[in-house]
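Engineer: The structure's right below; bear with me while I get my questions together.
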Amino acid sequence: MTFPATHDVFNQAPDLVPYQAADDLSLLEGLHREGAAWAEDEVRELGALAGGVEAQTWGRLADEHPPVLHTHDRYGNRIDEVEFHPHWHDLMTVAVEHGLHGAPWRDTRPGAHVARAAKFSVWGHADAGHMCPISMTYAAIPALRHNPELSALYEPLLAAPHYDFGLREPSSKRGLIAGMSMTEKQGGSDVRANTTTATPNADGTHTIVGHKWFTSAPMSDLFLTLANTETGSSCFLLPRVLPDGSRNRIHIQRLKDKLGNKSNASSEIEYQGAIGWLVGEEGRGVSTIIEMVNMTRLDCVIGSSTGMRAATLRAVHHARHRKAFGALLIDQPLMRNVLADLVVESEAATTVMMRLAGATDRAGSDDQEAALRRIALAITKYWVCKRAPAHSAEALECLGGNGYVEDSGMPRLYREAPLMSIWEGSGNVAALDALRAMVKQPDSVEAFFSEVRLAQGADSRLDDAISRVGKELADFENIEYRARRIVELMALVLQGAQLVRHGHPAVADAFCASRLDSDWGIALGTLPTGVDTAGILSRI
């Protein structure tokens, strides 16, 4: 019997994978502009791997099979171990061997942080979850340097290109991963409300007692944590295994069941008499650990820009192959508006991200760059990370019902998007931190205006927006209430200035015509008429 054909597959986009994740013009242009052209081959090598079938499969399976906590062994002994999918370790191995966790601390070439930012971005296409411990390891080193003795002991291992998973005393391993443990259930971002205590011991160590509400990557080899001494909140280093080989009393209570970031373990832990070593000045723990926070905030921006790029790629790829109402989606005017707007948002995020990485490279020897980095990190972390969820939702919608199905990969990007806005201080914290920088470090405001005025005269819409920032900052009435509006405008001006100076002319024009003009629609896909959508879409 012959059956009629009912299942011919047509008018469906081919699989995007494999693809080259480093084929990102805004990223590569930033790599050259910010002094790391020497790393392009490394970035491309990692980009090919990230977009390949194997790494994409690693990321999918690690996300679909989240880590499992084993508090005790079969005999009742406390073990506090987290079991990961095997491909988690594959992802971690590639990230560490390519230096995403610490290469800039051992590489003296100019542009080392820029190179690392680009590689961090392209490898993030494989999986976002494992980038959390990679980011914290990268960020731990500048904080650890507040204690030269501890830094000399651990920094070479934290920066070593070896992923050495397992429960052993740190000095016996070839490489280490670091974590950070600050928040508590009663305080959250208000770490000064913490109740964890640190009692000094005769040998110079401290005994730490307390409960931490959100500790990511609890299988890390060591943690930087906050605890209160008689002097006040202080920063401590706690290894999971002590120098004598015994386990530190760091007990994992449970793993969090999160919206996204599934491949990564996030936990509640208790210090039940754990041993820690003081890092930095006693009573100044927040200012010590803020060194770590600043670095991870940069990675929040990188993570958001990476998610935008990945979502944009999938949306444009689908539109180039899918027909509706007699024409390819990408040839239909309204869809072109949406896709071009997605590209503009993505390139604005990537361009400013690479500028911040460059400032990170130069901050140690250039006061102006250090001041710019201080305020630009706060305002960019607020805005770019805030834009990511709306961007991923719009990109998902470009695929219609196909985008709502897990197989498309879009739901995973969508679930991941809100995390960067919450991690290292949610929107209000980031906005208020920007105001704090203006008050405590007024040179950061001068650095901001010096930076954006480099683009002055090239676009009247940008010039007007720069003037509006000046007027907003001159008005102190209800300034805290207006913090989000002020910081949003500053972030848009900073992005606009970077695009006008360095971006593709069509992207810069579209950005200024929408984001800096009073006629900007609320939704993506509301670019005004006259925008060169063809020029913008040629960037993908």
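Here's how to read the names in the structure tokens: chain A, B, ... by the order shown, residue numbers from 1 in each chain, ligand numbers from 1 in the order shown.
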Determine, using only C-alpha atoms, which residues of region 240-277 of chain A have any atom at most 9 Å from an atom of region 398-421 of chain A, and tabulate each with its shortest atom pair and distance in Å to one decimal place, rows ordered by chain and then rising number, as a Markdown table.

Structural biologist:
```
| residue | atom | partner | partner_atom | distance |
| --- | --- | --- | --- | --- |
| A:Leu259 | CA | A:Arg415 | CA | 6.0 |
| A:Gly260 | CA | A:Arg415 | CA | 4.7 |
| A:Asn261 | CA | A:Glu416 | CA | 5.8 |
| A:Lys262 | CA | A:Glu416 | CA | 8.8 |
```

Engineer: Write out as a PDB file with N, CA and C atoms, in the first residue's frame which residues come within 9 Å of Leu524 (chain A) when counting only C-alpha atoms, dropping same-chain ones fewer than 6 positions away.

Structural biologist:
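What ended up in result.pdb:
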```pdb
ATOM      1  N   ASN A 337      12.866  45.813  10.213  1.00  0.00           N
ATOM      2  CA  ASN A 337      12.971  46.802  11.286  1.00  0.00           C
ATOM      3  C   ASN A 337      13.336  46.119  12.602  1.00  0.00           C
ATOM      4  N   VAL A 338      12.642  45.010  12.898  1.00  0.00           N
ATOM      5  CA  VAL A 338      12.897  44.285  14.147  1.00  0.00           C
ATOM      6  C   VAL A 338      14.319  43.725  14.164  1.00  0.00           C
ATOM      7  N   LEU A 339      14.700  43.053  13.084  1.00  0.00           N
ATOM      8  CA  LEU A 339      16.027  42.432  13.038  1.00  0.00           C
ATOM      9  C   LEU A 339      17.130  43.475  13.104  1.00  0.00           C
ATOM     10  N   ASP A 341      16.970  46.341  14.504  1.00  0.00           N
ATOM     11  CA  ASP A 341      16.990  46.866  15.870  1.00  0.00           C
ATOM     12  C   ASP A 341      17.711  45.903  16.815  1.00  0.00           C
ATOM     13  N   LEU A 342      17.506  44.604  16.607  1.00  0.00           N
ATOM     14  CA  LEU A 342      18.234  43.609  17.402  1.00  0.00           C
ATOM     15  C   LEU A 342      19.737  43.739  17.175  1.00  0.00           C
ATOM     16  N   GLU A 345      21.090  46.915  18.959  1.00  0.00           N
ATOM     17  CA  GLU A 345      21.217  46.708  20.409  1.00  0.00           C
ATOM     18  C   GLU A 345      22.426  45.832  20.721  1.00  0.00           C
ATOM     19  N   ALA A 390      14.642  41.862  27.398  1.00  0.00           N
ATOM     20  CA  ALA A 390      13.742  42.330  26.335  1.00  0.00           C
ATOM     21  C   ALA A 390      14.274  41.922  24.968  1.00  0.00           C
ATOM     22  N   HIS A 391      15.582  41.986  24.813  1.00  0.00           N
ATOM     23  CA  HIS A 391      16.204  41.616  23.551  1.00  0.00           C
ATOM     24  C   HIS A 391      15.985  40.132  23.248  1.00  0.00           C
ATOM     25  N   GLU A 394      12.374  39.385  22.231  1.00  0.00           N
ATOM     26  CA  GLU A 394      12.050  39.807  20.866  1.00  0.00           C
ATOM     27  C   GLU A 394      12.682  38.877  19.838  1.00  0.00           C
TER      28      GLU A 394
END
```

Engineer: Would you please work out which residue, of A:Val344, A:Ala39, A:Leu537, A:Leu16, is nearest to Gln56 (chain A) when using only C-alpha atoms?

Structural biologist: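 Distance minimum relative to Gln56 (chain A) lands on A:Leu16.
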
Engineer: As an NGL selection string, list the residues of region 212-372 of chain A assigned to alpha helix (DSSP H) by DSSP on the backbone atoms of this structure.

Structural biologist: :A and (285-321 or 333-362 or 367-372)

Engineer: Work out how far apart CA of Pro142 (chain A) and CA of Glu40 (chain A) are and give it in Å to one decimal.

Structural biologist: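 These two atoms are separated by 25.9 Å.
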
Engineer: At what distance in Å, to one decimal, does CA of Gly503 (chain A) lie from CA of Ala315 (chain A)?

Structural biologist: 21.6 Å

Engineer: At a cut-off of 9 Å, using only C-alpha atoms, what residues contact Ser181 (chain A)? Leave out same-chain residues fewer than 5 positions from it and give the result as a compact mmCIF listing (two decimals) with C-alpha atoms, in the first residue's frame.

Structural biologist:
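Okay, selection-v6.txt is ready:
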```txt
# COMPACT_ATOMS: atom_id res chain seq x y z
CA LYS A 212 25.39 32.23 53.25
CA TRP A 213 22.24 32.46 51.14
CA PHE A 214 23.67 32.36 47.61
CA THR A 215 27.06 30.83 46.89
CA SER A 216 27.63 29.86 43.28
CA PHE A 223 36.22 31.22 48.48
CA LEU A 224 36.41 34.89 49.30
CA THR A 225 33.76 35.66 51.88
CA LEU A 226 32.61 38.40 54.22
CA ILE A 269 26.18 27.00 52.57
```

Engineer: Interatomic distance between CA of Glu230 (chain A) and CA of Ile141 (chain A)?

Structural biologist: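 So the two atoms, CA of Glu230 (chain A) and CA of Ile141 (chain A), lie 26.2 Å apart.
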
Engineer: Name all residues at most 12 Å from Glu270 (chain A) (count only C-alpha atoms; drop same-chain ones fewer than 4 positions away) and give them as a compact mmCIF listing (two decimals) with N, CA and C atoms, in the first residue's frame.

Structural biologist:
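Written out: selection_12.txt:
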```
# COMPACT_ATOMS: atom_id res chain seq x y z
N ASP A 80 29.54 16.68 51.30
CA ASP A 80 29.29 17.98 50.65
C ASP A 80 29.89 18.05 49.26
N SER A 181 31.42 34.37 48.23
CA SER A 181 30.27 34.08 49.08
C SER A 181 30.02 35.28 49.97
N MET A 182 29.05 36.11 49.59
CA MET A 182 28.80 37.34 50.34
C MET A 182 27.39 37.42 50.91
N GLU A 184 23.57 37.05 52.36
CA GLU A 184 22.88 36.28 53.38
C GLU A 184 21.38 36.54 53.26
N LYS A 185 20.59 35.64 53.82
CA LYS A 185 19.15 35.69 53.57
C LYS A 185 18.47 36.95 54.09
N THR A 196 27.30 36.73 59.73
CA THR A 196 28.39 35.76 59.85
C THR A 196 29.54 36.37 60.66
N THR A 197 30.09 35.59 61.58
CA THR A 197 31.13 36.11 62.47
C THR A 197 32.47 35.42 62.21
N ILE A 208 35.14 30.91 61.32
CA ILE A 208 34.00 31.55 60.67
C ILE A 208 32.74 30.75 60.95
N VAL A 209 31.69 31.45 61.41
CA VAL A 209 30.40 30.83 61.68
C VAL A 209 29.30 31.66 61.02
N GLY A 210 28.47 31.03 60.21
CA GLY A 210 27.36 31.75 59.60
C GLY A 210 26.75 30.99 58.45
N HIS A 211 25.70 31.58 57.88
CA HIS A 211 24.93 30.96 56.79
C HIS A 211 24.93 31.91 55.61
N LYS A 212 25.38 31.43 54.47
CA LYS A 212 25.39 32.23 53.25
C LYS A 212 24.26 31.77 52.34
N TRP A 213 23.49 32.72 51.83
CA TRP A 213 22.24 32.46 51.14
C TRP A 213 22.42 32.10 49.67
N PHE A 214 23.50 32.59 49.05
CA PHE A 214 23.67 32.36 47.61
C PHE A 214 25.15 32.27 47.29
N THR A 215 25.67 31.07 47.22
CA THR A 215 27.06 30.83 46.89
C THR A 215 27.12 29.99 45.62
N PRO A 218 29.86 25.98 44.44
CA PRO A 218 30.33 25.57 45.77
C PRO A 218 31.42 24.50 45.73
N THR A 225 35.03 35.49 51.18
CA THR A 225 33.76 35.66 51.88
C THR A 225 33.84 36.82 52.84
N ASN A 248 37.60 21.65 55.31
CA ASN A 248 37.11 22.81 56.05
C ASN A 248 35.62 22.62 56.32
N ARG A 249 35.16 23.23 57.39
CA ARG A 249 33.76 23.04 57.80
C ARG A 249 32.84 23.98 57.01
N ILE A 250 32.80 23.72 55.70
CA ILE A 250 31.91 24.44 54.78
C ILE A 250 30.88 23.43 54.31
N HIS A 251 29.66 23.55 54.80
CA HIS A 251 28.63 22.56 54.53
C HIS A 251 27.58 23.11 53.56
N ILE A 252 27.33 22.35 52.49
CA ILE A 252 26.34 22.75 51.50
C ILE A 252 24.96 22.28 51.97
N GLN A 253 24.06 23.20 52.15
CA GLN A 253 22.73 22.86 52.66
C GLN A 253 21.77 22.43 51.55
N ARG A 254 21.81 23.13 50.43
CA ARG A 254 20.97 22.75 49.29
C ARG A 254 21.45 23.51 48.07
N ALA A 274 34.32 27.10 60.23
CA ALA A 274 35.30 27.02 59.15
C ALA A 274 36.51 27.90 59.47
```

Engineer: I'd like the neighbourhood of Thr312 (chain A) as JSON, numbers by chain, where a residue qualifies if any of its atoms comes within 7 Å (using only C-alpha atoms), though same-chain residues fewer than 3 positions away should be ignored.

Structural biologist: {"A": [308, 309, 315, 316, 342, 343, 395]}

Engineer: So which bits of region 175-359 of chain A end up strand (DSSP E or B) when you DSSP the backbone, as a PyMOL selection string?

Structural biologist: chain A and resi 178-181+197-200+206-216+222-228+233-239+241+247+250-255+266-279+323-324+327-328

Engineer: Go through A:Val493, A:Leu278, A:Ala376, A:Cys385 and flag the residue nearest Leu516 (chain A), using only C-alpha atoms for the distances.

Structural biologist: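 Checking each of A:Val493, A:Leu278, A:Ala376, A:Cys385 against Leu516 (chain A), counting only C-alpha atoms, the winner is A:Val493.
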
Engineer: May I have the residues within 12 Å of Pro170 (chain A) as number ranges by chain, using only C-alpha atoms and disregarding those fewer than 3 positions away in the same chain?

Structural biologist: A: 150, 153-158, 164-167, 173-178, 220-223, 238-247

Engineer: Tell me, as a PyMOL selection string, which residues lie within 7 Å of region 477-487 of chain A, counting only C-alpha atoms; anything in the same chain fewer than 4 positions away does not count.

Structural biologist: chain A and resi 379+431-432+472+491
